[in-house]
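Q: Structure file my_file.pdb (PDB, C-alpha atoms) is given on the next line.
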ATOM      1  CA  MET I   1     -58.739  23.201 -18.142
ATOM      2  CA  PRO I   2     -56.195  25.729 -16.791
ATOM      3  CA  GLU I   3     -52.788  24.537 -15.589
ATOM      4  CA  TYR I   4     -50.733  26.097 -12.797
ATOM      5  CA  ARG I   5     -47.093  26.459 -11.803
ATOM      6  CA  ALA I   6     -45.543  27.614  -8.541
ATOM      7  CA  HIS I   7     -42.761  30.241  -8.490
ATOM      8  CA  PHE I   8     -40.680  30.332  -5.313
ATOM      9  CA  ASP I   9     -37.298  30.275  -3.561
ATOM     10  CA  PHE I  10     -36.383  27.411  -1.244
ATOM     11  CA  ASP I  11     -33.906  26.090   1.302
ATOM     12  CA  ILE I  12     -33.640  22.340   1.984
ATOM     13  CA  ARG I  13     -31.787  20.828   4.936
ATOM     14  CA  PHE I  14     -30.858  17.133   4.954
ATOM     15  CA  ALA I  15     -31.075  14.879   7.993
ATOM     16  CA  ASN I  16     -27.524  13.611   7.456
ATOM     17  CA  GLY I  17     -26.030  17.079   6.968
ATOM     18  CA  GLY I  18     -25.748  19.588   4.163
ATOM     19  CA  GLY I  19     -28.375  21.516   2.301
ATOM     20  CA  LEU I  20     -29.668  22.779  -1.022
ATOM     21  CA  SER I  21     -31.051  26.179  -2.014
ATOM     22  CA  GLY I  22     -32.866  27.471  -5.072
ATOM     23  CA  VAL I  23     -33.840  30.924  -6.305
ATOM     24  CA  GLY I  24     -36.634  31.655  -8.769
ATOM     25  CA  PHE I  25     -37.596  27.968  -8.977
ATOM     26  CA  ARG I  26     -40.662  26.992 -11.010
ATOM     27  CA  LEU I  27     -42.649  23.798 -10.608
ATOM     28  CA  ASP I  28     -45.830  22.345 -12.111
ATOM     29  CA  VAL I  29     -48.601  21.983  -9.527
ATOM     30  CA  PRO I  30     -51.859  19.999  -9.806
ATOM     31  CA  ALA I  31     -54.116  22.855  -8.627
ATOM     32  CA  ALA I  32     -54.086  26.534  -7.739
ATOM     33  CA  GLY I  33     -54.985  25.808  -4.111
ATOM     34  CA  ILE I  34     -51.967  23.649  -3.269
ATOM     35  CA  SER I  35     -50.687  24.194   0.279
ATOM     36  CA  GLU I  36     -47.056  24.991   1.089
ATOM     37  CA  ASP I  37     -46.665  21.599   2.789
ATOM     38  CA  GLU I  38     -47.944  19.868  -0.346
ATOM     39  CA  LEU I  39     -45.696  22.041  -2.508
ATOM     40  CA  ALA I  40     -42.674  21.142  -0.360
ATOM     41  CA  ARG I  41     -43.380  17.418  -0.776
ATOM     42  CA  LEU I  42     -43.874  17.894  -4.523
ATOM     43  CA  LEU I  43     -40.509  19.675  -4.712
ATOM     44  CA  ILE I  44     -38.804  16.753  -2.951
ATOM     45  CA  ALA I  45     -40.430  14.296  -5.362
ATOM     46  CA  HIS I  46     -39.476  16.391  -8.397
ATOM     47  CA  LEU I  47     -35.838  16.626  -7.328
ATOM     48  CA  GLY I  48     -35.703  12.962  -6.265
ATOM     49  CA  LEU I  49     -34.223  13.790  -2.862
ATOM     50  CA  ALA I  50     -33.729  11.449   0.087
ATOM     51  CA  LEU I  51     -33.226  12.051   3.827
ATOM     52  CA  VAL I  52     -34.774  15.522   3.739
ATOM     53  CA  ASP I  53     -35.155  17.002   7.215
ATOM     54  CA  GLU I  54     -36.726  20.384   6.504
ATOM     55  CA  VAL I  55     -37.981  22.436   3.562
ATOM     56  CA  LYS I  56     -38.484  26.191   3.783
ATOM     57  CA  LEU I  57     -40.277  27.984   0.958
ATOM     58  CA  ARG I  58     -40.137  31.736   0.347
ATOM     59  CA  GLY I  59     -42.158  34.038  -1.875
ATOM     60  CA  VAL I  60     -44.525  31.374  -3.187
ATOM     61  CA  ARG I  61     -46.665  32.517  -6.117
ATOM     62  CA  ILE I  62     -49.116  30.260  -7.963
ATOM     63  CA  VAL I  63     -49.394  31.362 -11.590
ATOM     64  CA  GLU I  64     -51.631  30.092 -14.371
ATOM     65  CA  GLU I  65     -49.099  28.670 -16.860
ATOM     66  CA  PRO I  66     -48.917  25.563 -19.067
ATOM     67  CA  HIS I  67     -47.191  22.613 -17.394
ATOM     68  CA  ARG I  68     -43.585  21.947 -18.429
ATOM     69  CA  GLY I  69     -43.395  18.293 -17.404
ATOM     70  CA  SER I  70     -42.243  18.413 -13.769
ATOM     71  CA  ARG I  71     -41.975  15.009 -12.141
ATOM     72  CA  GLY I  72     -44.573  14.260  -9.505
ATOM     73  CA  VAL I  73     -47.537  15.804 -11.360
ATOM     74  CA  GLU I  74     -49.673  13.204 -13.066
ATOM     75  CA  VAL I  75     -50.558  13.614 -16.741
ATOM     76  CA  ALA I  76     -54.281  13.323 -17.380
ATOM     77  CA  ALA I  77     -55.411   9.850 -18.414
ATOM     78  CA  SER I  78     -55.807   9.319 -22.137
ATOM     79  CA  ALA I  79     -59.305   9.543 -23.558
ATOM     80  CA  PRO I  80     -60.412   7.046 -26.208
ATOM     81  CA  GLN I  81     -60.698   9.792 -28.841
ATOM     82  CA  THR I  82     -57.697  11.661 -30.168
ATOM     83  CA  ARG I  83     -57.048  14.949 -31.890
ATOM     84  CA  VAL I  84     -54.216  15.614 -34.297
ATOM     85  CA  VAL I  85     -51.866  18.611 -34.222
ATOM     86  CA  ASP I  86     -50.073  19.360 -37.484
ATOM     87  CA  LEU I  87     -46.423  20.164 -36.761
ATOM     88  CA  SER I  88     -45.327  20.810 -40.367
ATOM     89  CA  HIS I  89     -44.802  23.956 -42.400
ATOM     90  CA  PRO I  90     -46.710  23.952 -45.720
ATOM     91  CA  ILE I  91     -44.494  23.790 -48.810
ATOM     92  CA  ARG I  92     -45.174  26.236 -51.611
ATOM     93  CA  ALA I  93     -43.352  27.448 -54.691
ATOM     94  CA  GLY I  94     -40.676  29.976 -53.742
ATOM     95  CA  LEU I  95     -40.467  28.926 -50.074
ATOM     96  CA  VAL I  96     -37.048  29.567 -48.532
ATOM     97  CA  THR I  97     -36.499  27.004 -45.776
ATOM     98  CA  TYR I  98     -32.775  27.366 -45.211
ATOM     99  CA  PRO I  99     -30.842  30.427 -46.447
ATOM    100  CA  GLY I 100     -28.745  29.550 -49.479
ATOM    101  CA  LEU I 101     -30.709  26.450 -50.509
ATOM    102  CA  PRO I 102     -32.965  26.585 -53.595
ATOM    103  CA  ALA I 103     -36.667  27.229 -53.185
ATOM    104  CA  PRO I 104     -39.201  24.744 -54.603
ATOM    105  CA  THR I 105     -40.619  25.202 -58.084
ATOM    106  CA  ILE I 106     -44.002  23.727 -59.047
ATOM    107  CA  THR I 107     -44.905  23.406 -62.723
ATOM    108  CA  PRO I 108     -47.717  21.585 -64.563
ATOM    109  CA  HIS I 109     -47.040  18.287 -66.303
ATOM    110  CA  LEU I 110     -50.640  17.936 -67.423
ATOM    111  CA  THR I 111     -53.159  20.730 -66.984
ATOM    112  CA  ARG I 112     -56.856  20.125 -66.425
ATOM    113  CA  GLU I 113     -57.598  21.711 -69.761
ATOM    114  CA  GLU I 114     -55.140  19.406 -71.578
ATOM    115  CA  SER I 115     -56.476  16.330 -69.775
ATOM    116  CA  ARG I 116     -59.995  16.806 -71.146
ATOM    117  CA  ALA I 117     -58.830  15.528 -74.533
ATOM    118  CA  ARG I 118     -57.594  12.270 -72.968
ATOM    119  CA  TYR I 119     -60.553  11.281 -70.801
ATOM    120  CA  ALA I 120     -64.276  10.866 -71.054
ATOM    121  CA  PRO I 121     -66.456  13.994 -71.040
ATOM    122  CA  GLY I 122     -66.647  15.533 -67.563
ATOM    123  CA  THR I 123     -63.447  13.788 -66.424
ATOM    124  CA  GLU I 124     -60.272  15.816 -65.898
ATOM    125  CA  PHE I 125     -57.059  15.590 -63.886
ATOM    126  CA  ALA I 126     -54.097  17.777 -62.950
ATOM    127  CA  MET I 127     -50.562  16.373 -62.751
ATOM    128  CA  ASP I 128     -47.789  18.627 -61.529
ATOM    129  CA  VAL I 129     -44.021  18.470 -61.168
ATOM    130  CA  ILE I 130     -42.301  19.741 -58.018
ATOM    131  CA  HIS I 131     -38.561  20.316 -57.934
ATOM    132  CA  PHE I 132     -36.939  20.853 -54.544
ATOM    133  CA  VAL I 133     -33.916  19.994 -52.423
ATOM    134  CA  GLY I 134     -34.580  17.368 -49.744
ATOM    135  CA  ASN I 135     -34.035  19.969 -47.016
ATOM    136  CA  THR I 136     -37.322  21.766 -47.691
ATOM    137  CA  GLY I 137     -40.085  22.607 -45.234
ATOM    138  CA  THR I 138     -40.286  20.298 -42.229
ATOM    139  CA  TYR I 139     -37.956  17.410 -43.056
ATOM    140  CA  LEU I 140     -36.270  14.353 -41.617
ATOM    141  CA  ASP I 141     -32.548  13.574 -41.729
ATOM    142  CA  SER I 142     -31.644   9.910 -42.089
ATOM    143  CA  PRO I 143     -28.142   8.581 -41.307
ATOM    144  CA  PHE I 144     -27.366   8.552 -45.062
ATOM    145  CA  HIS I 145     -27.592  12.352 -45.031
ATOM    146  CA  ARG I 146     -24.389  12.440 -42.976
ATOM    147  CA  TYR I 147     -22.730   9.069 -43.595
ATOM    148  CA  ALA I 148     -22.245   7.288 -46.931
ATOM    149  CA  ASP I 149     -22.824   3.892 -45.311
ATOM    150  CA  GLY I 150     -25.777   5.015 -43.197
ATOM    151  CA  ARG I 151     -29.397   3.983 -43.734
ATOM    152  CA  ASP I 152     -31.196   5.904 -46.469
ATOM    153  CA  LEU I 153     -34.868   6.867 -46.352
ATOM    154  CA  ALA I 154     -35.954   3.495 -47.729
ATOM    155  CA  GLY I 155     -33.958   1.681 -45.056
ATOM    156  CA  LEU I 156     -35.581   3.325 -42.019
ATOM    157  CA  ASP I 157     -37.675   1.230 -39.650
ATOM    158  CA  LEU I 158     -41.227   2.629 -39.612
ATOM    159  CA  ALA I 159     -41.544   1.602 -35.974
ATOM    160  CA  SER I 160     -38.968   4.294 -35.157
ATOM    161  CA  LEU I 161     -40.991   6.982 -36.965
ATOM    162  CA  VAL I 162     -44.649   6.332 -36.173
ATOM    163  CA  GLY I 163     -46.592   6.773 -32.935
ATOM    164  CA  LEU I 164     -43.571   7.537 -30.770
ATOM    165  CA  ARG I 165     -44.067   8.647 -27.189
ATOM    166  CA  ALA I 166     -43.289  12.372 -27.247
ATOM    167  CA  GLU I 167     -41.301  14.161 -24.564
ATOM    168  CA  VAL I 168     -41.779  17.854 -25.334
ATOM    169  CA  PHE I 169     -39.381  20.358 -23.760
ATOM    170  CA  HIS I 170     -40.859  23.847 -23.725
ATOM    171  CA  LEU I 171     -37.723  25.988 -23.806
ATOM    172  CA  GLU I 172     -38.871  29.269 -25.324
ATOM    173  CA  ASP I 173     -38.073  31.082 -22.066
ATOM    174  CA  ALA I 174     -34.977  29.003 -21.198
ATOM    175  CA  TRP I 175     -32.387  30.498 -23.572
ATOM    176  CA  ASP I 176     -31.349  33.899 -24.884
ATOM    177  CA  ALA I 177     -29.171  35.353 -27.619
ATOM    178  CA  GLY I 178     -26.104  35.074 -25.390
ATOM    179  CA  ARG I 179     -26.567  31.331 -24.743
ATOM    180  CA  ARG I 180     -28.358  29.755 -27.664
ATOM    181  CA  GLY I 181     -27.214  26.185 -27.116
ATOM    182  CA  ILE I 182     -29.525  23.697 -25.390
ATOM    183  CA  ARG I 183     -27.406  21.811 -22.869
ATOM    184  CA  PRO I 184     -27.822  18.355 -21.312
ATOM    185  CA  GLU I 185     -28.701  19.806 -17.910
ATOM    186  CA  THR I 186     -31.866  21.292 -19.447
ATOM    187  CA  LEU I 187     -33.042  17.848 -20.545
ATOM    188  CA  ALA I 188     -31.893  15.683 -17.656
ATOM    189  CA  ASP I 189     -35.125  15.611 -15.631
ATOM    190  CA  ARG I 190     -36.987  13.296 -18.051
ATOM    191  CA  ASP I 191     -36.931   9.652 -19.041
ATOM    192  CA  VAL I 192     -36.528   9.827 -22.837
ATOM    193  CA  ARG I 193     -35.775   6.163 -23.555
ATOM    194  CA  GLY I 194     -37.670   5.107 -26.682
ATOM    195  CA  ALA I 195     -39.144   8.582 -27.098
ATOM    196  CA  ALA I 196     -39.242  11.346 -29.654
ATOM    197  CA  VAL I 197     -37.635  14.344 -27.945
ATOM    198  CA  LEU I 198     -39.208  17.555 -29.295
ATOM    199  CA  LEU I 199     -37.461  20.854 -28.530
ATOM    200  CA  HIS I 200     -39.877  23.774 -28.490
ATOM    201  CA  THR I 201     -37.855  26.999 -28.753
ATOM    202  CA  GLY I 202     -40.464  29.225 -30.394
ATOM    203  CA  TRP I 203     -38.065  30.057 -33.228
ATOM    204  CA  ASP I 204     -40.633  28.862 -35.800
ATOM    205  CA  ARG I 205     -42.297  32.267 -35.497
ATOM    206  CA  TRP I 206     -39.606  33.557 -37.890
ATOM    207  CA  PHE I 207     -39.925  30.736 -40.448
ATOM    208  CA  GLY I 208     -39.770  32.051 -44.015
ATOM    209  CA  GLN I 209     -38.406  35.423 -42.886
ATOM    210  CA  PRO I 210     -34.801  36.721 -42.875
ATOM    211  CA  GLU I 211     -34.735  36.646 -39.042
ATOM    212  CA  TYR I 212     -35.056  32.848 -39.123
ATOM    213  CA  GLY I 213     -31.499  32.409 -40.364
ATOM    214  CA  VAL I 214     -29.631  34.374 -37.687
ATOM    215  CA  GLY I 215     -29.173  33.662 -33.973
ATOM    216  CA  ALA I 216     -31.236  30.473 -33.923
ATOM    217  CA  PRO I 217     -31.234  28.133 -30.892
ATOM    218  CA  PHE I 218     -29.642  24.701 -31.314
ATOM    219  CA  LEU I 219     -28.729  21.471 -29.523
ATOM    220  CA  THR I 220     -25.178  21.257 -28.205
ATOM    221  CA  GLY I 221     -23.018  18.240 -28.953
ATOM    222  CA  GLN I 222     -22.963  17.354 -25.258
ATOM    223  CA  ALA I 223     -26.769  17.367 -25.140
ATOM    224  CA  ALA I 224     -26.926  15.214 -28.280
ATOM    225  CA  GLN I 225     -24.644  12.649 -26.648
ATOM    226  CA  TRP I 226     -26.754  12.735 -23.481
ATOM    227  CA  LEU I 227     -29.900  11.994 -25.521
ATOM    228  CA  ILE I 228     -28.144   9.107 -27.270
ATOM    229  CA  ASP I 229     -26.993   7.644 -23.968
ATOM    230  CA  ALA I 230     -30.485   8.137 -22.518
ATOM    231  CA  GLY I 231     -32.051   6.112 -25.344
ATOM    232  CA  ALA I 232     -33.936   8.725 -27.398
ATOM    233  CA  VAL I 233     -35.156   7.441 -30.786
ATOM    234  CA  LEU I 234     -35.755  10.769 -32.546
ATOM    235  CA  VAL I 235     -34.939  14.419 -31.857
ATOM    236  CA  GLY I 236     -36.944  17.264 -33.378
ATOM    237  CA  ILE I 237     -36.586  21.037 -33.161
ATOM    238  CA  ASP I 238     -38.607  24.030 -34.354
ATOM    239  CA  SER I 239     -35.466  25.957 -35.271
ATOM    240  CA  LEU I 240     -33.196  26.511 -38.282
ATOM    241  CA  ASN I 241     -31.017  23.481 -37.568
ATOM    242  CA  ILE I 242     -30.272  20.946 -34.849
ATOM    243  CA  ASP I 243     -26.718  22.403 -34.850
ATOM    244  CA  ASP I 244     -25.232  25.864 -34.556
ATOM    245  CA  THR I 245     -24.955  27.016 -38.181
ATOM    246  CA  GLU I 246     -22.867  30.029 -37.175
ATOM    247  CA  SER I 247     -19.983  28.106 -35.610
ATOM    248  CA  GLY I 248     -17.849  27.637 -38.713
ATOM    249  CA  GLY I 249     -19.181  24.401 -40.188
ATOM    250  CA  GLU I 250     -19.047  22.008 -37.240
ATOM    251  CA  ARG I 251     -22.117  19.783 -36.944
ATOM    252  CA  PRO I 252     -21.633  17.807 -33.711
ATOM    253  CA  ALA I 253     -25.316  17.198 -32.919
ATOM    254  CA  ASP I 254     -26.195  15.937 -36.410
ATOM    255  CA  SER I 255     -23.033  13.842 -36.579
ATOM    256  CA  LEU I 256     -23.564  12.228 -33.190
ATOM    257  CA  LEU I 257     -27.298  11.617 -33.498
ATOM    258  CA  LEU I 258     -27.255  10.256 -37.052
ATOM    259  CA  GLY I 259     -24.143   8.221 -36.301
ATOM    260  CA  ALA I 260     -26.077   6.553 -33.474
ATOM    261  CA  GLY I 261     -29.137   5.948 -35.676
ATOM    262  CA  VAL I 262     -31.234   8.631 -33.956
ATOM    263  CA  HIS I 263     -33.472  10.413 -36.481
ATOM    264  CA  VAL I 264     -33.472  14.211 -36.693
ATOM    265  CA  VAL I 265     -36.493  16.322 -37.689
ATOM    266  CA  GLU I 266     -35.912  20.033 -38.292
ATOM    267  CA  HIS I 267     -38.198  23.052 -38.876
ATOM    268  CA  LEU I 268     -41.104  21.786 -36.789
ATOM    269  CA  THR I 269     -43.868  24.188 -35.840
ATOM    270  CA  GLN I 270     -46.751  24.474 -33.330
ATOM    271  CA  LEU I 271     -44.882  22.550 -30.640
ATOM    272  CA  GLY I 272     -46.369  24.999 -28.150
ATOM    273  CA  ALA I 273     -49.726  23.268 -28.681
ATOM    274  CA  LEU I 274     -48.389  20.012 -27.196
ATOM    275  CA  PRO I 275     -48.234  19.043 -23.509
ATOM    276  CA  PRO I 276     -44.861  18.044 -22.022
ATOM    277  CA  ARG I 277     -45.975  14.400 -22.043
ATOM    278  CA  GLY I 278     -48.913  12.377 -23.320
ATOM    279  CA  ALA I 279     -48.669  12.913 -27.102
ATOM    280  CA  ARG I 280     -47.680  10.454 -29.822
ATOM    281  CA  PHE I 281     -45.408  11.758 -32.590
ATOM    282  CA  THR I 282     -45.172  10.647 -36.226
ATOM    283  CA  ALA I 283     -42.830  11.865 -38.979
ATOM    284  CA  ALA I 284     -42.441   9.357 -41.823
ATOM    285  CA  PRO I 285     -40.798  10.264 -45.147
ATOM    286  CA  PRO I 286     -41.332   8.333 -48.410
ATOM    287  CA  ALA I 287     -39.095   5.305 -48.926
ATOM    288  CA  VAL I 288     -36.645   6.838 -51.416
ATOM    289  CA  GLU I 289     -33.517   4.804 -52.054
ATOM    290  CA  GLY I 290     -30.173   6.593 -52.077
ATOM    291  CA  PHE I 291     -31.658   9.714 -50.458
ATOM    292  CA  GLY I 292     -30.848  11.182 -47.059
ATOM    293  CA  THR I 293     -33.404  13.914 -46.311
ATOM    294  CA  PHE I 294     -37.014  14.525 -47.302
ATOM    295  CA  PRO I 295     -40.020  16.581 -46.172
ATOM    296  CA  VAL I 296     -42.403  14.880 -43.751
ATOM    297  CA  ARG I 297     -45.937  15.564 -42.594
ATOM    298  CA  ALA I 298     -45.044  15.585 -38.928
ATOM    299  CA  PHE I 299     -47.941  15.438 -36.496
ATOM    300  CA  ALA I 300     -48.849  14.610 -32.918
ATOM    301  CA  GLU I 301     -51.844  12.687 -31.630
ATOM    302  CA  LEU I 302     -53.352  13.828 -28.346
ATOM    303  CA  PRO I 303     -56.264  12.817 -26.153
ATOM    304  CA  ALA I 304     -59.310  14.747 -27.317
TER     305      ALA I 304
END
For the structure just supplied, provide its representation as structure tokens.
A:
Amino acid sequence: MPEYRAHFDFDIRFANGGGLSGVGFRLDVPAAGISEDELARLLIAHLGLALVDEVKLRGVRIVEEPHRGSRGVEVAASAPQTRVVDLSHPIRAGLVTYPGLPAPTITPHLTREESRARYAPGTEFAMDVIHFVGNTGTYLDSPFHRYADGRDLAGLDLASLVGLRAEVFHLEDAWDAGRRGIRPETLADRDVRGAAVLLHTGWDRWFGQPEYGVGAPFLTGQAAQWLIDAGAVLVGIDSLNIDDTESGGERPADSLLLGAGVHVVEHLTQLGALPPRGARFTAAPPAVEGFGTFPVRAFAELPA
């Protein structure tokens, strides 16, 4: 079913004085045939305004675009069936996830041919050895990754990793090379308490290529603190790192989030296939003691 957004300018006058104006505003709408009066009321609801006296809209255009999660537009009710969207990059020998880190190697421990001598006729197995750094593919950072006394992978509560309500921020058109950092103001229109916050930047299109390592979008330290204060449980991004890797070594977002016990998942993909709200997110690593990061099979469950 197609989704629609309104593009417009507006002027709002308040009954108790003062006003508010906006240029190039965009807002989810429930249908293409929404009237300007209905759009004005939806704008008031989205902005959470009180004592509005008058709303004037200019240059209204209704465009077929995916919803971005505007308040006031109901998410479709969940169906009993679900579909699963894989949000993980496949791992293969030679894959470069992060420039400068070693690529995985995969070697046989027991080949099928060798196994035939150990088992009954017609029975064979393959056993392989994979060697990789924990920061490979789509992976999760636990507090132990940053802090020696933080929880390691084995110490994580599965309830904070499985079936989380997902708040997906579609930001691929909300940043540019001159302002790569995602700021708190960009996230402030949602209730993220208890949720997995997934930042869709579109940078995953470069994964595995040299372009992936330069100019990537990231979460600012101020936005990380806002998410902590707002009660987020997990933050994921489809970019090179949750932090700016070109800033000289500072890692404010990782440090703040992991210090507060908020999990971080990096190198996600296919976030564009998710709605702003309504999905359930899972990213559970194996329970490895004394280890801070590990690949996950991250996925989202959606109404069919």
Q: With 5 Å added on each side, what axis-aligned box encloses every listed atom of stretch 51-67 of chain I? Give the centre and edge lengths in Å to one decimal, as JSON.
A:
{"center_x": -42.4, "center_y": 23.0, "center_z": -5.9, "size_x": 28.4, "size_y": 32.0, "size_z": 36.3}
Q: Please identify all polymer residues within 10 Å of I:Pro275, counting all atoms listed in the file, omitting same-chain residues fewer than 3 positions from it, and present them as number ranges by chain.
A: I: 66-69, 75, 166-170, 271-272, 278-279, 302
Q: For the file shown, report as number ranges by chain the outcome of the PyMOL selection byres ((chain I and resi 190-207) around 6) at residue level.
A: I: 164-172, 188-189, 208-209, 211-212, 230-239, 269, 271
Q: Could you work out how far atom CA of I:Leu158 lies from atom CA of I:Phe144, giving the answer in Å with one decimal?
A: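 The value is 16.0 Å.
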Q: I'd like the neighbourhood of stretch 13-28 of chain I as a list in words, where a residue qualifies if any of its atoms comes within 6 Å (using only C-alpha atoms), though same-chain residues fewer than 6 positions away should be ignored.
A: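 My list of contacting residues is Arg5, Ala6, His7, Leu51, Val52, Asp53, Glu54, His67 and Ser70 of chain I.
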Q: Quick one: everything within 8 Å of stretch 98-111 of chain I, counting all atoms listed in the file, minus sequence neighbours fewer than 2 positions away in the same chain. Send it as a PDB file with C-alpha atoms, in the coordinates of the input.
A:
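Contents of selection.pdb, freshly written:
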ATOM      1  CA  ILE I  91     -44.494  23.790 -48.810  1.00  0.00           C
ATOM      2  CA  ARG I  92     -45.174  26.236 -51.611  1.00  0.00           C
ATOM      3  CA  ALA I  93     -43.352  27.448 -54.691  1.00  0.00           C
ATOM      4  CA  GLY I  94     -40.676  29.976 -53.742  1.00  0.00           C
ATOM      5  CA  LEU I  95     -40.467  28.926 -50.074  1.00  0.00           C
ATOM      6  CA  VAL I  96     -37.048  29.567 -48.532  1.00  0.00           C
ATOM      7  CA  GLU I 113     -57.598  21.711 -69.761  1.00  0.00           C
ATOM      8  CA  GLU I 114     -55.140  19.406 -71.578  1.00  0.00           C
ATOM      9  CA  SER I 115     -56.476  16.330 -69.775  1.00  0.00           C
ATOM     10  CA  PHE I 125     -57.059  15.590 -63.886  1.00  0.00           C
ATOM     11  CA  ALA I 126     -54.097  17.777 -62.950  1.00  0.00           C
ATOM     12  CA  MET I 127     -50.562  16.373 -62.751  1.00  0.00           C
ATOM     13  CA  ASP I 128     -47.789  18.627 -61.529  1.00  0.00           C
ATOM     14  CA  VAL I 129     -44.021  18.470 -61.168  1.00  0.00           C
ATOM     15  CA  ILE I 130     -42.301  19.741 -58.018  1.00  0.00           C
ATOM     16  CA  HIS I 131     -38.561  20.316 -57.934  1.00  0.00           C
ATOM     17  CA  PHE I 132     -36.939  20.853 -54.544  1.00  0.00           C
ATOM     18  CA  VAL I 133     -33.916  19.994 -52.423  1.00  0.00           C
ATOM     19  CA  ASN I 135     -34.035  19.969 -47.016  1.00  0.00           C
ATOM     20  CA  THR I 136     -37.322  21.766 -47.691  1.00  0.00           C
ATOM     21  CA  GLY I 213     -31.499  32.409 -40.364  1.00  0.00           C
ATOM     22  CA  LEU I 240     -33.196  26.511 -38.282  1.00  0.00           C
TER      23      LEU I 240
END
Q: Once the PyMOL selection byres ((chain I and resi 140) around 12) is applied to the coordinates I shared, what remains selected? I want it as JSON, numbers by chain.
A: {"I": [88, 134, 135, 136, 137, 138, 139, 141, 142, 143, 144, 145, 152, 153, 156, 161, 234, 235, 236, 237, 241, 242, 254, 258, 262, 263, 264, 265, 266, 267, 268, 282, 283, 284, 285, 286, 287, 291, 292, 293, 294, 295, 296, 297, 298]}
Q: Please produce a file of those selected residues containing C-alpha atoms, as a PDB file, in the coordinates of the input.
A:
ATOM      1  CA  SER I  88     -45.327  20.810 -40.367  1.00  0.00           C
ATOM      2  CA  GLY I 134     -34.580  17.368 -49.744  1.00  0.00           C
ATOM      3  CA  ASN I 135     -34.035  19.969 -47.016  1.00  0.00           C
ATOM      4  CA  THR I 136     -37.322  21.766 -47.691  1.00  0.00           C
ATOM      5  CA  GLY I 137     -40.085  22.607 -45.234  1.00  0.00           C
ATOM      6  CA  THR I 138     -40.286  20.298 -42.229  1.00  0.00           C
ATOM      7  CA  TYR I 139     -37.956  17.410 -43.056  1.00  0.00           C
ATOM      8  CA  ASP I 141     -32.548  13.574 -41.729  1.00  0.00           C
ATOM      9  CA  SER I 142     -31.644   9.910 -42.089  1.00  0.00           C
ATOM     10  CA  PRO I 143     -28.142   8.581 -41.307  1.00  0.00           C
ATOM     11  CA  PHE I 144     -27.366   8.552 -45.062  1.00  0.00           C
ATOM     12  CA  HIS I 145     -27.592  12.352 -45.031  1.00  0.00           C
ATOM     13  CA  ASP I 152     -31.196   5.904 -46.469  1.00  0.00           C
ATOM     14  CA  LEU I 153     -34.868   6.867 -46.352  1.00  0.00           C
ATOM     15  CA  LEU I 156     -35.581   3.325 -42.019  1.00  0.00           C
ATOM     16  CA  LEU I 161     -40.991   6.982 -36.965  1.00  0.00           C
ATOM     17  CA  LEU I 234     -35.755  10.769 -32.546  1.00  0.00           C
ATOM     18  CA  VAL I 235     -34.939  14.419 -31.857  1.00  0.00           C
ATOM     19  CA  GLY I 236     -36.944  17.264 -33.378  1.00  0.00           C
ATOM     20  CA  ILE I 237     -36.586  21.037 -33.161  1.00  0.00           C
ATOM     21  CA  ASN I 241     -31.017  23.481 -37.568  1.00  0.00           C
ATOM     22  CA  ILE I 242     -30.272  20.946 -34.849  1.00  0.00           C
ATOM     23  CA  ASP I 254     -26.195  15.937 -36.410  1.00  0.00           C
ATOM     24  CA  LEU I 258     -27.255  10.256 -37.052  1.00  0.00           C
ATOM     25  CA  VAL I 262     -31.234   8.631 -33.956  1.00  0.00           C
ATOM     26  CA  HIS I 263     -33.472  10.413 -36.481  1.00  0.00           C
ATOM     27  CA  VAL I 264     -33.472  14.211 -36.693  1.00  0.00           C
ATOM     28  CA  VAL I 265     -36.493  16.322 -37.689  1.00  0.00           C
ATOM     29  CA  GLU I 266     -35.912  20.033 -38.292  1.00  0.00           C
ATOM     30  CA  HIS I 267     -38.198  23.052 -38.876  1.00  0.00           C
ATOM     31  CA  LEU I 268     -41.104  21.786 -36.789  1.00  0.00           C
ATOM     32  CA  THR I 282     -45.172  10.647 -36.226  1.00  0.00           C
ATOM     33  CA  ALA I 283     -42.830  11.865 -38.979  1.00  0.00           C
ATOM     34  CA  ALA I 284     -42.441   9.357 -41.823  1.00  0.00           C
ATOM     35  CA  PRO I 285     -40.798  10.264 -45.147  1.00  0.00           C
ATOM     36  CA  PRO I 286     -41.332   8.333 -48.410  1.00  0.00           C
ATOM     37  CA  ALA I 287     -39.095   5.305 -48.926  1.00  0.00           C
ATOM     38  CA  PHE I 291     -31.658   9.714 -50.458  1.00  0.00           C
ATOM     39  CA  GLY I 292     -30.848  11.182 -47.059  1.00  0.00           C
ATOM     40  CA  THR I 293     -33.404  13.914 -46.311  1.00  0.00           C
ATOM     41  CA  PHE I 294     -37.014  14.525 -47.302  1.00  0.00           C
ATOM     42  CA  PRO I 295     -40.020  16.581 -46.172  1.00  0.00           C
ATOM     43  CA  VAL I 296     -42.403  14.880 -43.751  1.00  0.00           C
ATOM     44  CA  ARG I 297     -45.937  15.564 -42.594  1.00  0.00           C
ATOM     45  CA  ALA I 298     -45.044  15.585 -38.928  1.00  0.00           C
TER      46      ALA I 298
END
Q: Atom CA of I:Phe8 to atom CA of I:Gly181: how many Å, to one decimal?
A: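 Separation between atom CA of I:Phe8 and atom CA of I:Gly181: 26.0 Å.
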Q: Atom CA of I:Ser160 and atom CA of I:Gln81, how far apart in Å?
A: 23.3 Å
Q: Using the chain letters and residue numbers of this document, give as JSON, numbers by chain the residues selected by the PyMOL selection byres ((chain I and resi 243-247) around 10).
A: {"I": [180, 181, 182, 213, 214, 215, 216, 217, 218, 219, 220, 221, 224, 239, 240, 241, 242, 248, 249, 250, 251, 252, 253, 254, 255]}
Q: Restricting the calculation to only C-alpha atoms, which member of I:Gly150, I:Gly155, I:Pro276, I:Gly72 is positioned closest to I:Pro30?
A: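 Once distances to I:Pro30 are computed over only C-alpha atoms, the minimum belongs to I:Gly72.
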